[in-house]
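Structure file query_27.cif with mmCIF, N, CA and C atoms:
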```
data_model
loop_
_atom_site.label_atom_id
_atom_site.label_comp_id
_atom_site.auth_asym_id
_atom_site.auth_seq_id
_atom_site.Cartn_x
_atom_site.Cartn_y
_atom_site.Cartn_z
N MET A 1 0.83 -1.20 0.00
CA MET A 1 0.00 0.00 0.00
C MET A 1 0.87 1.26 0.00
N GLU A 2 1.90 1.27 0.85
CA GLU A 2 2.80 2.41 0.93
C GLU A 2 3.54 2.62 -0.40
N GLU A 3 3.89 1.52 -1.03
CA GLU A 3 4.57 1.60 -2.33
C GLU A 3 3.67 2.26 -3.37
N GLN A 4 2.39 1.93 -3.36
CA GLN A 4 1.43 2.54 -4.28
C GLN A 4 1.29 4.04 -4.01
N LYS A 5 1.27 4.41 -2.74
CA LYS A 5 1.16 5.83 -2.38
C LYS A 5 2.38 6.60 -2.87
N ASN A 6 3.57 6.03 -2.68
CA ASN A 6 4.79 6.68 -3.15
C ASN A 6 4.79 6.81 -4.67
N LEU A 7 4.30 5.79 -5.35
CA LEU A 7 4.22 5.86 -6.81
C LEU A 7 3.30 6.99 -7.25
N GLU A 8 2.18 7.15 -6.56
CA GLU A 8 1.26 8.23 -6.90
C GLU A 8 1.90 9.59 -6.67
N VAL A 9 2.68 9.72 -5.60
CA VAL A 9 3.37 10.98 -5.32
C VAL A 9 4.40 11.27 -6.40
N VAL A 10 5.16 10.26 -6.78
CA VAL A 10 6.19 10.42 -7.81
C VAL A 10 5.54 10.80 -9.14
N MET A 11 4.46 10.15 -9.49
CA MET A 11 3.77 10.48 -10.75
C MET A 11 3.20 11.89 -10.69
N GLY A 12 2.74 12.31 -9.51
CA GLY A 12 2.27 13.68 -9.34
C GLY A 12 3.39 14.69 -9.56
N LEU A 13 4.57 14.37 -9.07
CA LEU A 13 5.73 15.24 -9.30
C LEU A 13 5.99 15.40 -10.79
N ILE A 14 5.98 14.30 -11.50
CA ILE A 14 6.23 14.34 -12.95
C ILE A 14 5.13 15.14 -13.66
N MET A 15 3.89 14.86 -13.31
CA MET A 15 2.77 15.52 -13.97
C MET A 15 2.77 17.03 -13.72
N HIS A 16 2.88 17.44 -12.46
CA HIS A 16 2.83 18.86 -12.14
C HIS A 16 4.05 19.60 -12.71
N SER A 17 5.20 18.97 -12.68
CA SER A 17 6.39 19.59 -13.25
C SER A 17 6.24 19.76 -14.76
N GLY A 18 5.72 18.74 -15.42
CA GLY A 18 5.48 18.83 -16.86
C GLY A 18 4.45 19.89 -17.20
N ASN A 19 3.40 19.98 -16.40
CA ASN A 19 2.40 21.02 -16.62
C ASN A 19 3.02 22.41 -16.47
N ALA A 20 3.87 22.58 -15.47
CA ALA A 20 4.53 23.86 -15.25
C ALA A 20 5.35 24.26 -16.47
N LYS A 21 6.11 23.32 -17.00
CA LYS A 21 6.91 23.61 -18.20
C LYS A 21 6.02 23.95 -19.39
N SER A 22 4.92 23.25 -19.55
CA SER A 22 4.01 23.52 -20.67
C SER A 22 3.42 24.92 -20.56
N PHE A 23 2.96 25.28 -19.37
CA PHE A 23 2.42 26.63 -19.18
C PHE A 23 3.51 27.68 -19.43
N GLY A 24 4.73 27.37 -19.03
CA GLY A 24 5.84 28.29 -19.27
C GLY A 24 6.09 28.50 -20.76
N MET A 25 6.06 27.43 -21.52
CA MET A 25 6.26 27.56 -22.97
C MET A 25 5.14 28.37 -23.60
N GLU A 26 3.92 28.11 -23.16
CA GLU A 26 2.79 28.89 -23.68
C GLU A 26 2.94 30.36 -23.31
N ALA A 27 3.47 30.65 -22.14
CA ALA A 27 3.68 32.03 -21.71
C ALA A 27 4.68 32.74 -22.60
N VAL A 28 5.75 32.06 -22.97
CA VAL A 28 6.74 32.65 -23.87
C VAL A 28 6.11 32.93 -25.23
N GLN A 29 5.31 32.00 -25.73
CA GLN A 29 4.64 32.21 -27.02
C GLN A 29 3.71 33.42 -26.96
N ALA A 30 2.98 33.55 -25.86
CA ALA A 30 2.08 34.69 -25.71
C ALA A 30 2.88 35.99 -25.68
N ALA A 31 4.01 35.99 -24.99
CA ALA A 31 4.86 37.19 -24.93
C ALA A 31 5.42 37.53 -26.31
N LYS A 32 5.79 36.52 -27.08
CA LYS A 32 6.29 36.76 -28.44
C LYS A 32 5.23 37.45 -29.29
N GLU A 33 3.97 37.14 -29.02
CA GLU A 33 2.87 37.75 -29.76
C GLU A 33 2.45 39.09 -29.17
N GLY A 34 3.12 39.50 -28.09
CA GLY A 34 2.80 40.77 -27.45
C GLY A 34 1.63 40.71 -26.49
N ASN A 35 1.14 39.52 -26.20
CA ASN A 35 0.01 39.35 -25.29
C ASN A 35 0.56 39.09 -23.88
N PHE A 36 0.96 40.18 -23.22
CA PHE A 36 1.63 40.06 -21.93
C PHE A 36 0.68 39.73 -20.79
N GLU A 37 -0.56 40.11 -20.94
CA GLU A 37 -1.55 39.75 -19.93
C GLU A 37 -1.72 38.22 -19.89
N LYS A 38 -1.83 37.64 -21.08
CA LYS A 38 -1.95 36.18 -21.17
C LYS A 38 -0.67 35.52 -20.69
N ALA A 39 0.48 36.08 -21.04
CA ALA A 39 1.76 35.52 -20.61
C ALA A 39 1.85 35.50 -19.09
N ASP A 40 1.44 36.60 -18.46
CA ASP A 40 1.49 36.66 -16.99
C ASP A 40 0.51 35.66 -16.37
N GLN A 41 -0.65 35.50 -16.98
CA GLN A 41 -1.64 34.54 -16.47
C GLN A 41 -1.09 33.11 -16.57
N LEU A 42 -0.48 32.79 -17.69
CA LEU A 42 0.09 31.46 -17.89
C LEU A 42 1.26 31.21 -16.93
N LEU A 43 2.02 32.26 -16.67
CA LEU A 43 3.11 32.13 -15.72
C LEU A 43 2.58 31.86 -14.31
N GLU A 44 1.47 32.48 -13.96
CA GLU A 44 0.84 32.19 -12.67
C GLU A 44 0.40 30.73 -12.59
N GLU A 45 -0.18 30.24 -13.68
CA GLU A 45 -0.60 28.83 -13.71
C GLU A 45 0.61 27.91 -13.59
N ALA A 46 1.71 28.27 -14.24
CA ALA A 46 2.94 27.48 -14.15
C ALA A 46 3.43 27.45 -12.70
N ASN A 47 3.37 28.59 -12.04
CA ASN A 47 3.83 28.65 -10.66
C ASN A 47 2.93 27.83 -9.74
N GLU A 48 1.62 27.82 -10.00
CA GLU A 48 0.71 26.98 -9.22
C GLU A 48 1.06 25.51 -9.37
N GLU A 49 1.40 25.12 -10.58
CA GLU A 49 1.80 23.72 -10.81
C GLU A 49 3.10 23.40 -10.07
N LEU A 50 4.02 24.36 -10.03
CA LEU A 50 5.25 24.13 -9.28
C LEU A 50 4.96 23.97 -7.79
N VAL A 51 4.04 24.77 -7.27
CA VAL A 51 3.66 24.65 -5.87
C VAL A 51 3.11 23.25 -5.60
N ASN A 52 2.25 22.78 -6.51
CA ASN A 52 1.71 21.42 -6.35
C ASN A 52 2.82 20.37 -6.37
N ALA A 53 3.78 20.55 -7.25
CA ALA A 53 4.90 19.61 -7.32
C ALA A 53 5.72 19.68 -6.03
N HIS A 54 5.93 20.88 -5.52
CA HIS A 54 6.70 21.03 -4.28
C HIS A 54 5.98 20.36 -3.10
N HIS A 55 4.66 20.45 -3.09
CA HIS A 55 3.90 19.78 -2.02
C HIS A 55 4.13 18.27 -2.07
N ALA A 56 4.13 17.73 -3.26
CA ALA A 56 4.38 16.29 -3.40
C ALA A 56 5.79 15.96 -2.92
N GLN A 57 6.75 16.78 -3.31
CA GLN A 57 8.13 16.54 -2.92
C GLN A 57 8.29 16.68 -1.40
N THR A 58 7.65 17.68 -0.82
CA THR A 58 7.73 17.89 0.62
C THR A 58 7.19 16.70 1.40
N GLY A 59 6.12 16.10 0.86
CA GLY A 59 5.58 14.90 1.49
C GLY A 59 6.60 13.78 1.56
N LEU A 60 7.32 13.58 0.48
CA LEU A 60 8.36 12.55 0.45
C LEU A 60 9.50 12.89 1.41
N LEU A 61 9.90 14.15 1.42
CA LEU A 61 10.99 14.57 2.30
C LEU A 61 10.60 14.42 3.77
N SER A 62 9.37 14.78 4.10
CA SER A 62 8.89 14.65 5.47
C SER A 62 8.84 13.19 5.89
N GLN A 63 8.42 12.36 4.97
CA GLN A 63 8.35 10.92 5.24
C GLN A 63 9.74 10.39 5.57
N GLU A 64 10.71 10.78 4.79
CA GLU A 64 12.07 10.30 5.04
C GLU A 64 12.64 10.90 6.32
N ALA A 65 12.37 12.18 6.55
CA ALA A 65 12.88 12.84 7.76
C ALA A 65 12.31 12.23 9.03
N SER A 66 11.10 11.68 8.94
CA SER A 66 10.49 11.07 10.12
C SER A 66 10.97 9.63 10.35
N GLY A 67 11.90 9.20 9.52
CA GLY A 67 12.49 7.88 9.72
C GLY A 67 11.93 6.78 8.84
N GLU A 68 10.92 7.10 8.06
CA GLU A 68 10.37 6.10 7.15
C GLU A 68 11.32 5.92 5.97
N LYS A 69 11.70 4.72 5.74
CA LYS A 69 12.61 4.44 4.62
C LYS A 69 11.82 3.92 3.43
N PHE A 70 12.24 4.34 2.27
CA PHE A 70 11.65 3.79 1.06
C PHE A 70 12.73 3.72 0.00
N GLU A 71 12.50 2.87 -0.94
CA GLU A 71 13.48 2.63 -1.99
C GLU A 71 13.48 3.81 -2.98
N VAL A 72 14.67 4.31 -3.25
CA VAL A 72 14.82 5.35 -4.25
C VAL A 72 14.94 4.64 -5.60
N THR A 73 13.96 4.89 -6.44
CA THR A 73 13.91 4.23 -7.74
C THR A 73 14.34 5.18 -8.85
N LEU A 74 14.59 4.62 -10.00
CA LEU A 74 14.90 5.44 -11.16
C LEU A 74 13.74 6.38 -11.46
N LEU A 75 12.52 5.92 -11.25
CA LEU A 75 11.35 6.75 -11.48
C LEU A 75 11.34 7.96 -10.54
N MET A 76 11.74 7.77 -9.30
CA MET A 76 11.80 8.88 -8.36
C MET A 76 12.88 9.88 -8.78
N VAL A 77 14.02 9.38 -9.21
CA VAL A 77 15.08 10.25 -9.69
C VAL A 77 14.59 11.03 -10.91
N HIS A 78 13.89 10.35 -11.78
CA HIS A 78 13.32 10.97 -12.98
C HIS A 78 12.35 12.09 -12.59
N ALA A 79 11.54 11.85 -11.58
CA ALA A 79 10.57 12.85 -11.12
C ALA A 79 11.29 14.08 -10.58
N GLN A 80 12.34 13.87 -9.80
CA GLN A 80 13.12 14.99 -9.27
C GLN A 80 13.78 15.77 -10.40
N ASP A 81 14.23 15.05 -11.41
CA ASP A 81 14.84 15.70 -12.58
C ASP A 81 13.82 16.59 -13.27
N HIS A 82 12.61 16.10 -13.42
CA HIS A 82 11.55 16.90 -14.03
C HIS A 82 11.30 18.17 -13.23
N LEU A 83 11.25 18.04 -11.92
CA LEU A 83 10.99 19.20 -11.07
C LEU A 83 12.10 20.24 -11.20
N MET A 84 13.34 19.80 -11.10
CA MET A 84 14.46 20.75 -11.19
C MET A 84 14.52 21.40 -12.57
N ASN A 85 14.24 20.64 -13.61
CA ASN A 85 14.22 21.23 -14.95
C ASN A 85 13.10 22.24 -15.09
N ALA A 86 11.95 21.96 -14.52
CA ALA A 86 10.82 22.90 -14.59
C ALA A 86 11.16 24.19 -13.87
N ILE A 87 11.80 24.09 -12.72
CA ILE A 87 12.18 25.29 -11.96
C ILE A 87 13.16 26.14 -12.77
N THR A 88 14.18 25.51 -13.32
CA THR A 88 15.17 26.21 -14.13
C THR A 88 14.53 26.82 -15.37
N PHE A 89 13.69 26.04 -16.03
CA PHE A 89 13.02 26.49 -17.24
C PHE A 89 12.16 27.73 -16.95
N LEU A 90 11.41 27.71 -15.86
CA LEU A 90 10.54 28.85 -15.54
C LEU A 90 11.34 30.09 -15.17
N ASP A 91 12.52 29.91 -14.59
CA ASP A 91 13.39 31.06 -14.35
C ASP A 91 13.76 31.72 -15.68
N LEU A 92 14.09 30.90 -16.67
CA LEU A 92 14.43 31.42 -17.99
C LEU A 92 13.21 32.03 -18.69
N VAL A 93 12.07 31.42 -18.51
CA VAL A 93 10.83 31.94 -19.11
C VAL A 93 10.55 33.36 -18.60
N LYS A 94 10.72 33.57 -17.30
CA LYS A 94 10.50 34.90 -16.72
C LYS A 94 11.42 35.92 -17.36
N GLU A 95 12.67 35.54 -17.56
CA GLU A 95 13.63 36.45 -18.20
C GLU A 95 13.24 36.73 -19.65
N LEU A 96 12.83 35.70 -20.38
CA LEU A 96 12.42 35.89 -21.77
C LEU A 96 11.20 36.81 -21.88
N ILE A 97 10.26 36.64 -21.00
CA ILE A 97 9.07 37.50 -21.01
C ILE A 97 9.47 38.95 -20.73
N ASP A 98 10.37 39.15 -19.78
CA ASP A 98 10.86 40.51 -19.49
C ASP A 98 11.53 41.12 -20.72
N VAL A 99 12.33 40.32 -21.41
CA VAL A 99 12.99 40.82 -22.62
C VAL A 99 11.95 41.21 -23.67
N HIS A 100 10.96 40.36 -23.88
CA HIS A 100 9.92 40.67 -24.86
C HIS A 100 9.16 41.93 -24.46
N LYS A 101 8.91 42.13 -23.18
CA LYS A 101 8.23 43.34 -22.73
C LYS A 101 9.05 44.59 -23.04
N LYS A 102 10.37 44.51 -22.80
CA LYS A 102 11.24 45.65 -23.06
C LYS A 102 11.35 45.94 -24.55
N VAL A 103 11.46 44.92 -25.35
CA VAL A 103 11.55 45.11 -26.80
C VAL A 103 10.24 45.68 -27.32
N ASN A 104 9.13 45.22 -26.79
CA ASN A 104 7.81 45.68 -27.22
C ASN A 104 7.63 47.16 -26.89
N VAL A 105 8.16 47.63 -25.78
CA VAL A 105 8.04 49.05 -25.38
C VAL A 105 8.82 49.91 -26.36
N ARG A 106 9.95 49.42 -26.83
CA ARG A 106 10.80 50.20 -27.75
C ARG A 106 10.17 50.34 -29.14
N ASP A 107 9.35 49.38 -29.52
CA ASP A 107 8.77 49.39 -30.88
C ASP A 107 7.76 50.46 -31.07
#
```
Whole structure, structure tokens version:
Amino acid sequence: MEEQKNLEVVMGLIMHSGNAKSFGMEAVQAAKEGNFEKADQLLEEANEELVNAHHAQTGLLSQEASGEKFEVTLLMVHAQDHLMNAITFLDLVKELIDVHKKVNVRD
């Protein structure tokens, strides 16, 4: 039962991290089109997905900190990789949107 719960948490990490990246890419596309309101809205949605992913990760960290041991699988490593990539990607997305805003003001 515990193994199934951990699998659900890991899959949640992957899903929410992937959603965050997708919203981030959509935000960049909206900024390229000059639709900064939509870009900001999509960025908010991306951040909400990151929060959801962090909650899943925090659950696993709390479980381990309380002394519960579980096997670290390749799938868990993969999930953490997705989360870290999403965080890095969204940092870059924010910078790209700022650049598009500045270029748009000059035009």
Show me, as JSON lines, the residues of stretch 54-91 of chain A having an atom within 6 Å of stretch 16-37 of chain A, each with the closest atom pair and its distance in Å, using only N, CA and C atoms.
```
{"residue": "A:His82", "atom": "C", "partner": "A:Ser17", "partner_atom": "CA", "distance": 5.1}
{"residue": "A:Leu83", "atom": "CA", "partner": "A:Ser17", "partner_atom": "CA", "distance": 5.1}
{"residue": "A:Ala86", "atom": "CA", "partner": "A:Lys21", "partner_atom": "N", "distance": 5.3}
```
Can you spell out as a CSV table (one decimal) with N, CA and C atoms, keeping the file's coordinate frame the set of residues that the PyMOL selection byres (((chain A and resi 53-63 and name CA) around 10) and name CA) selects in the structure I just provided?
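Output saved as result21.csv:
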```csv
chain,number,residue,atom,x,y,z
A,6,ASN,N,3.6,6.0,-2.7
A,6,ASN,CA,4.8,6.7,-3.2
A,6,ASN,C,4.8,6.8,-4.7
A,8,GLU,N,2.2,7.2,-6.6
A,8,GLU,CA,1.3,8.2,-6.9
A,8,GLU,C,1.9,9.6,-6.7
A,9,VAL,N,2.7,9.7,-5.6
A,9,VAL,CA,3.4,11.0,-5.3
A,9,VAL,C,4.4,11.3,-6.4
A,10,VAL,N,5.2,10.3,-6.8
A,10,VAL,CA,6.2,10.4,-7.8
A,10,VAL,C,5.5,10.8,-9.1
A,11,MET,N,4.5,10.2,-9.5
A,11,MET,CA,3.8,10.5,-10.8
A,11,MET,C,3.2,11.9,-10.7
A,12,GLY,N,2.7,12.3,-9.5
A,12,GLY,CA,2.3,13.7,-9.3
A,12,GLY,C,3.4,14.7,-9.6
A,13,LEU,N,4.6,14.4,-9.1
A,13,LEU,CA,5.7,15.2,-9.3
A,13,LEU,C,6.0,15.4,-10.8
A,14,ILE,N,6.0,14.3,-11.5
A,14,ILE,CA,6.2,14.3,-13.0
A,14,ILE,C,5.1,15.1,-13.7
A,15,MET,N,3.9,14.9,-13.3
A,15,MET,CA,2.8,15.5,-14.0
A,15,MET,C,2.8,17.0,-13.7
A,16,HIS,N,2.9,17.4,-12.5
A,16,HIS,CA,2.8,18.9,-12.1
A,16,HIS,C,4.0,19.6,-12.7
A,17,SER,N,5.2,19.0,-12.7
A,17,SER,CA,6.4,19.6,-13.2
A,17,SER,C,6.2,19.8,-14.8
A,18,GLY,N,5.7,18.7,-15.4
A,18,GLY,CA,5.5,18.8,-16.9
A,18,GLY,C,4.4,19.9,-17.2
A,19,ASN,N,3.4,20.0,-16.4
A,19,ASN,CA,2.4,21.0,-16.6
A,19,ASN,C,3.0,22.4,-16.5
A,20,ALA,N,3.9,22.6,-15.5
A,20,ALA,CA,4.5,23.9,-15.2
A,20,ALA,C,5.4,24.3,-16.5
A,47,ASN,N,3.4,28.6,-12.0
A,47,ASN,CA,3.8,28.6,-10.7
A,47,ASN,C,2.9,27.8,-9.7
A,48,GLU,N,1.6,27.8,-10.0
A,48,GLU,CA,0.7,27.0,-9.2
A,48,GLU,C,1.1,25.5,-9.4
A,49,GLU,N,1.4,25.1,-10.6
A,49,GLU,CA,1.8,23.7,-10.8
A,49,GLU,C,3.1,23.4,-10.1
A,50,LEU,N,4.0,24.4,-10.0
A,50,LEU,CA,5.2,24.1,-9.3
A,50,LEU,C,5.0,24.0,-7.8
A,51,VAL,N,4.0,24.8,-7.3
A,51,VAL,CA,3.7,24.6,-5.9
A,51,VAL,C,3.1,23.2,-5.6
A,52,ASN,N,2.2,22.8,-6.5
A,52,ASN,CA,1.7,21.4,-6.4
A,52,ASN,C,2.8,20.4,-6.4
A,64,GLU,N,10.7,10.8,4.8
A,64,GLU,CA,12.1,10.3,5.0
A,64,GLU,C,12.6,10.9,6.3
A,65,ALA,N,12.4,12.2,6.6
A,65,ALA,CA,12.9,12.8,7.8
A,65,ALA,C,12.3,12.2,9.0
A,66,SER,N,11.1,11.7,8.9
A,66,SER,CA,10.5,11.1,10.1
A,66,SER,C,11.0,9.6,10.4
A,67,GLY,N,11.9,9.2,9.5
A,67,GLY,CA,12.5,7.9,9.7
A,67,GLY,C,11.9,6.8,8.8
A,68,GLU,N,10.9,7.1,8.1
A,68,GLU,CA,10.4,6.1,7.2
A,68,GLU,C,11.3,5.9,6.0
A,69,LYS,N,11.7,4.7,5.7
A,69,LYS,CA,12.6,4.4,4.6
A,69,LYS,C,11.8,3.9,3.4
A,70,PHE,N,12.2,4.3,2.3
A,70,PHE,CA,11.6,3.8,1.1
A,70,PHE,C,12.7,3.7,0.0
A,79,ALA,N,11.5,11.8,-11.6
A,79,ALA,CA,10.6,12.8,-11.1
A,79,ALA,C,11.3,14.1,-10.6
A,80,GLN,N,12.3,13.9,-9.8
A,80,GLN,CA,13.1,15.0,-9.3
A,80,GLN,C,13.8,15.8,-10.4
A,82,HIS,N,12.6,16.1,-13.4
A,82,HIS,CA,11.6,16.9,-14.0
A,82,HIS,C,11.3,18.2,-13.2
A,83,LEU,N,11.2,18.0,-11.9
A,83,LEU,CA,11.0,19.2,-11.1
A,83,LEU,C,12.1,20.2,-11.2
A,86,ALA,N,12.0,22.0,-14.5
A,86,ALA,CA,10.8,22.9,-14.6
A,86,ALA,C,11.2,24.2,-13.9
```
query = Rounded to one decimal in Å, what is the spacing between atom CA of A:Lys94 and atom CA of A:Asp40?
reply =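 For atom CA of A:Lys94 relative to atom CA of A:Asp40, the distance reads 9.2 Å.
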key: Interatomic distance (Å, one decimal) between atom CA of A:Val105 and atom CA of A:Ala39   = 15.7 Å
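Interatomic distance, atom CA of A:Glu45 against atom CA of A:Met76: 24.1 Å.
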Could stretch 73-83 of chain A be completed with all heavy atoms and returned as a PDB file, keeping the file's coordinate frame?
```
ATOM      1  N   THR A  73      13.960   4.890  -6.440  1.00  0.00           N
ATOM      2  CA  THR A  73      13.910   4.230  -7.740  1.00  0.00           C
ATOM      3  C   THR A  73      14.340   5.180  -8.850  1.00  0.00           C
ATOM      4  O   THR A  73      14.409   6.403  -8.637  1.00  0.00           O
ATOM      5  CB  THR A  73      12.480   3.742  -8.039  1.00  0.00           C
ATOM      6  OG1 THR A  73      11.632   4.889  -8.144  1.00  0.00           O
ATOM      7  CG2 THR A  73      11.967   2.809  -6.948  1.00  0.00           C
ATOM      8  N   LEU A  74      14.590   4.620 -10.000  1.00  0.00           N
ATOM      9  CA  LEU A  74      14.900   5.440 -11.160  1.00  0.00           C
ATOM     10  C   LEU A  74      13.740   6.380 -11.460  1.00  0.00           C
ATOM     11  O   LEU A  74      13.936   7.540 -11.845  1.00  0.00           O
ATOM     12  CB  LEU A  74      15.201   4.546 -12.371  1.00  0.00           C
ATOM     13  CG  LEU A  74      15.593   5.270 -13.658  1.00  0.00           C
ATOM     14  CD1 LEU A  74      16.816   6.144 -13.449  1.00  0.00           C
ATOM     15  CD2 LEU A  74      15.839   4.251 -14.764  1.00  0.00           C
ATOM     16  N   LEU A  75      12.520   5.920 -11.250  1.00  0.00           N
ATOM     17  CA  LEU A  75      11.350   6.750 -11.480  1.00  0.00           C
ATOM     18  C   LEU A  75      11.340   7.960 -10.540  1.00  0.00           C
ATOM     19  O   LEU A  75      11.005   9.078 -10.945  1.00  0.00           O
ATOM     20  CB  LEU A  75      10.073   5.930 -11.312  1.00  0.00           C
ATOM     21  CG  LEU A  75       8.767   6.602 -11.730  1.00  0.00           C
ATOM     22  CD1 LEU A  75       8.806   7.012 -13.196  1.00  0.00           C
ATOM     23  CD2 LEU A  75       7.595   5.669 -11.472  1.00  0.00           C
ATOM     24  N   MET A  76      11.740   7.770  -9.300  1.00  0.00           N
ATOM     25  CA  MET A  76      11.800   8.880  -8.360  1.00  0.00           C
ATOM     26  C   MET A  76      12.880   9.880  -8.780  1.00  0.00           C
ATOM     27  O   MET A  76      12.681  11.093  -8.709  1.00  0.00           O
ATOM     28  CB  MET A  76      12.069   8.368  -6.949  1.00  0.00           C
ATOM     29  CG  MET A  76      11.979   9.455  -5.895  1.00  0.00           C
ATOM     30  SD  MET A  76      12.181   8.835  -4.233  1.00  0.00           S
ATOM     31  CE  MET A  76      10.699   7.845  -4.071  1.00  0.00           C
ATOM     32  N   VAL A  77      14.020   9.380  -9.210  1.00  0.00           N
ATOM     33  CA  VAL A  77      15.080  10.250  -9.690  1.00  0.00           C
ATOM     34  C   VAL A  77      14.590  11.030 -10.910  1.00  0.00           C
ATOM     35  O   VAL A  77      14.838  12.233 -11.048  1.00  0.00           O
ATOM     36  CB  VAL A  77      16.361   9.440 -10.014  1.00  0.00           C
ATOM     37  CG1 VAL A  77      17.399  10.299 -10.700  1.00  0.00           C
ATOM     38  CG2 VAL A  77      16.920   8.816  -8.737  1.00  0.00           C
ATOM     39  N   HIS A  78      13.890  10.350 -11.780  1.00  0.00           N
ATOM     40  CA  HIS A  78      13.320  10.970 -12.980  1.00  0.00           C
ATOM     41  C   HIS A  78      12.350  12.090 -12.590  1.00  0.00           C
ATOM     42  O   HIS A  78      12.362  13.174 -13.185  1.00  0.00           O
ATOM     43  CB  HIS A  78      12.612   9.895 -13.809  1.00  0.00           C
ATOM     44  CG  HIS A  78      11.975  10.383 -15.056  1.00  0.00           C
ATOM     45  ND1 HIS A  78      12.697  10.853 -16.131  1.00  0.00           N
ATOM     46  CD2 HIS A  78      10.663  10.470 -15.412  1.00  0.00           C
ATOM     47  CE1 HIS A  78      11.864  11.210 -17.102  1.00  0.00           C
ATOM     48  NE2 HIS A  78      10.624  10.988 -16.684  1.00  0.00           N
ATOM     49  N   ALA A  79      11.540  11.850 -11.580  1.00  0.00           N
ATOM     50  CA  ALA A  79      10.570  12.850 -11.120  1.00  0.00           C
ATOM     51  C   ALA A  79      11.290  14.080 -10.580  1.00  0.00           C
ATOM     52  O   ALA A  79      10.913  15.222 -10.872  1.00  0.00           O
ATOM     53  CB  ALA A  79       9.664  12.248 -10.049  1.00  0.00           C
ATOM     54  N   GLN A  80      12.340  13.870  -9.800  1.00  0.00           N
ATOM     55  CA  GLN A  80      13.120  14.990  -9.270  1.00  0.00           C
ATOM     56  C   GLN A  80      13.780  15.770 -10.400  1.00  0.00           C
ATOM     57  O   GLN A  80      13.865  16.996 -10.349  1.00  0.00           O
ATOM     58  CB  GLN A  80      14.177  14.477  -8.289  1.00  0.00           C
ATOM     59  CG  GLN A  80      13.609  13.978  -6.983  1.00  0.00           C
ATOM     60  CD  GLN A  80      12.916  15.065  -6.200  1.00  0.00           C
ATOM     61  OE1 GLN A  80      11.772  14.929  -5.828  1.00  0.00           O
ATOM     62  NE2 GLN A  80      13.574  16.171  -5.973  1.00  0.00           N
ATOM     63  N   ASP A  81      14.230  15.050 -11.410  1.00  0.00           N
ATOM     64  CA  ASP A  81      14.840  15.700 -12.580  1.00  0.00           C
ATOM     65  C   ASP A  81      13.820  16.590 -13.270  1.00  0.00           C
ATOM     66  O   ASP A  81      14.131  17.725 -13.659  1.00  0.00           O
ATOM     67  CB  ASP A  81      15.367  14.617 -13.519  1.00  0.00           C
ATOM     68  CG  ASP A  81      16.172  15.188 -14.666  1.00  0.00           C
ATOM     69  OD1 ASP A  81      16.965  16.120 -14.433  1.00  0.00           O
ATOM     70  OD2 ASP A  81      16.016  14.690 -15.799  1.00  0.00           O
ATOM     71  N   HIS A  82      12.610  16.100 -13.420  1.00  0.00           N
ATOM     72  CA  HIS A  82      11.550  16.900 -14.030  1.00  0.00           C
ATOM     73  C   HIS A  82      11.300  18.170 -13.230  1.00  0.00           C
ATOM     74  O   HIS A  82      11.153  19.257 -13.803  1.00  0.00           O
ATOM     75  CB  HIS A  82      10.235  16.099 -14.114  1.00  0.00           C
ATOM     76  CG  HIS A  82      10.059  15.372 -15.392  1.00  0.00           C
ATOM     77  ND1 HIS A  82       9.543  15.945 -16.524  1.00  0.00           N
ATOM     78  CD2 HIS A  82      10.341  14.086 -15.720  1.00  0.00           C
ATOM     79  CE1 HIS A  82       9.508  15.063 -17.492  1.00  0.00           C
ATOM     80  NE2 HIS A  82       9.988  13.914 -17.026  1.00  0.00           N
ATOM     81  N   LEU A  83      11.250  18.040 -11.920  1.00  0.00           N
ATOM     82  CA  LEU A  83      10.990  19.200 -11.070  1.00  0.00           C
ATOM     83  C   LEU A  83      12.100  20.240 -11.200  1.00  0.00           C
ATOM     84  O   LEU A  83      11.838  21.433 -11.395  1.00  0.00           O
ATOM     85  CB  LEU A  83      10.813  18.781  -9.615  1.00  0.00           C
ATOM     86  CG  LEU A  83      10.609  19.922  -8.602  1.00  0.00           C
ATOM     87  CD1 LEU A  83       9.390  20.756  -8.954  1.00  0.00           C
ATOM     88  CD2 LEU A  83      10.496  19.354  -7.199  1.00  0.00           C
TER      89      LEU A  83
END
```
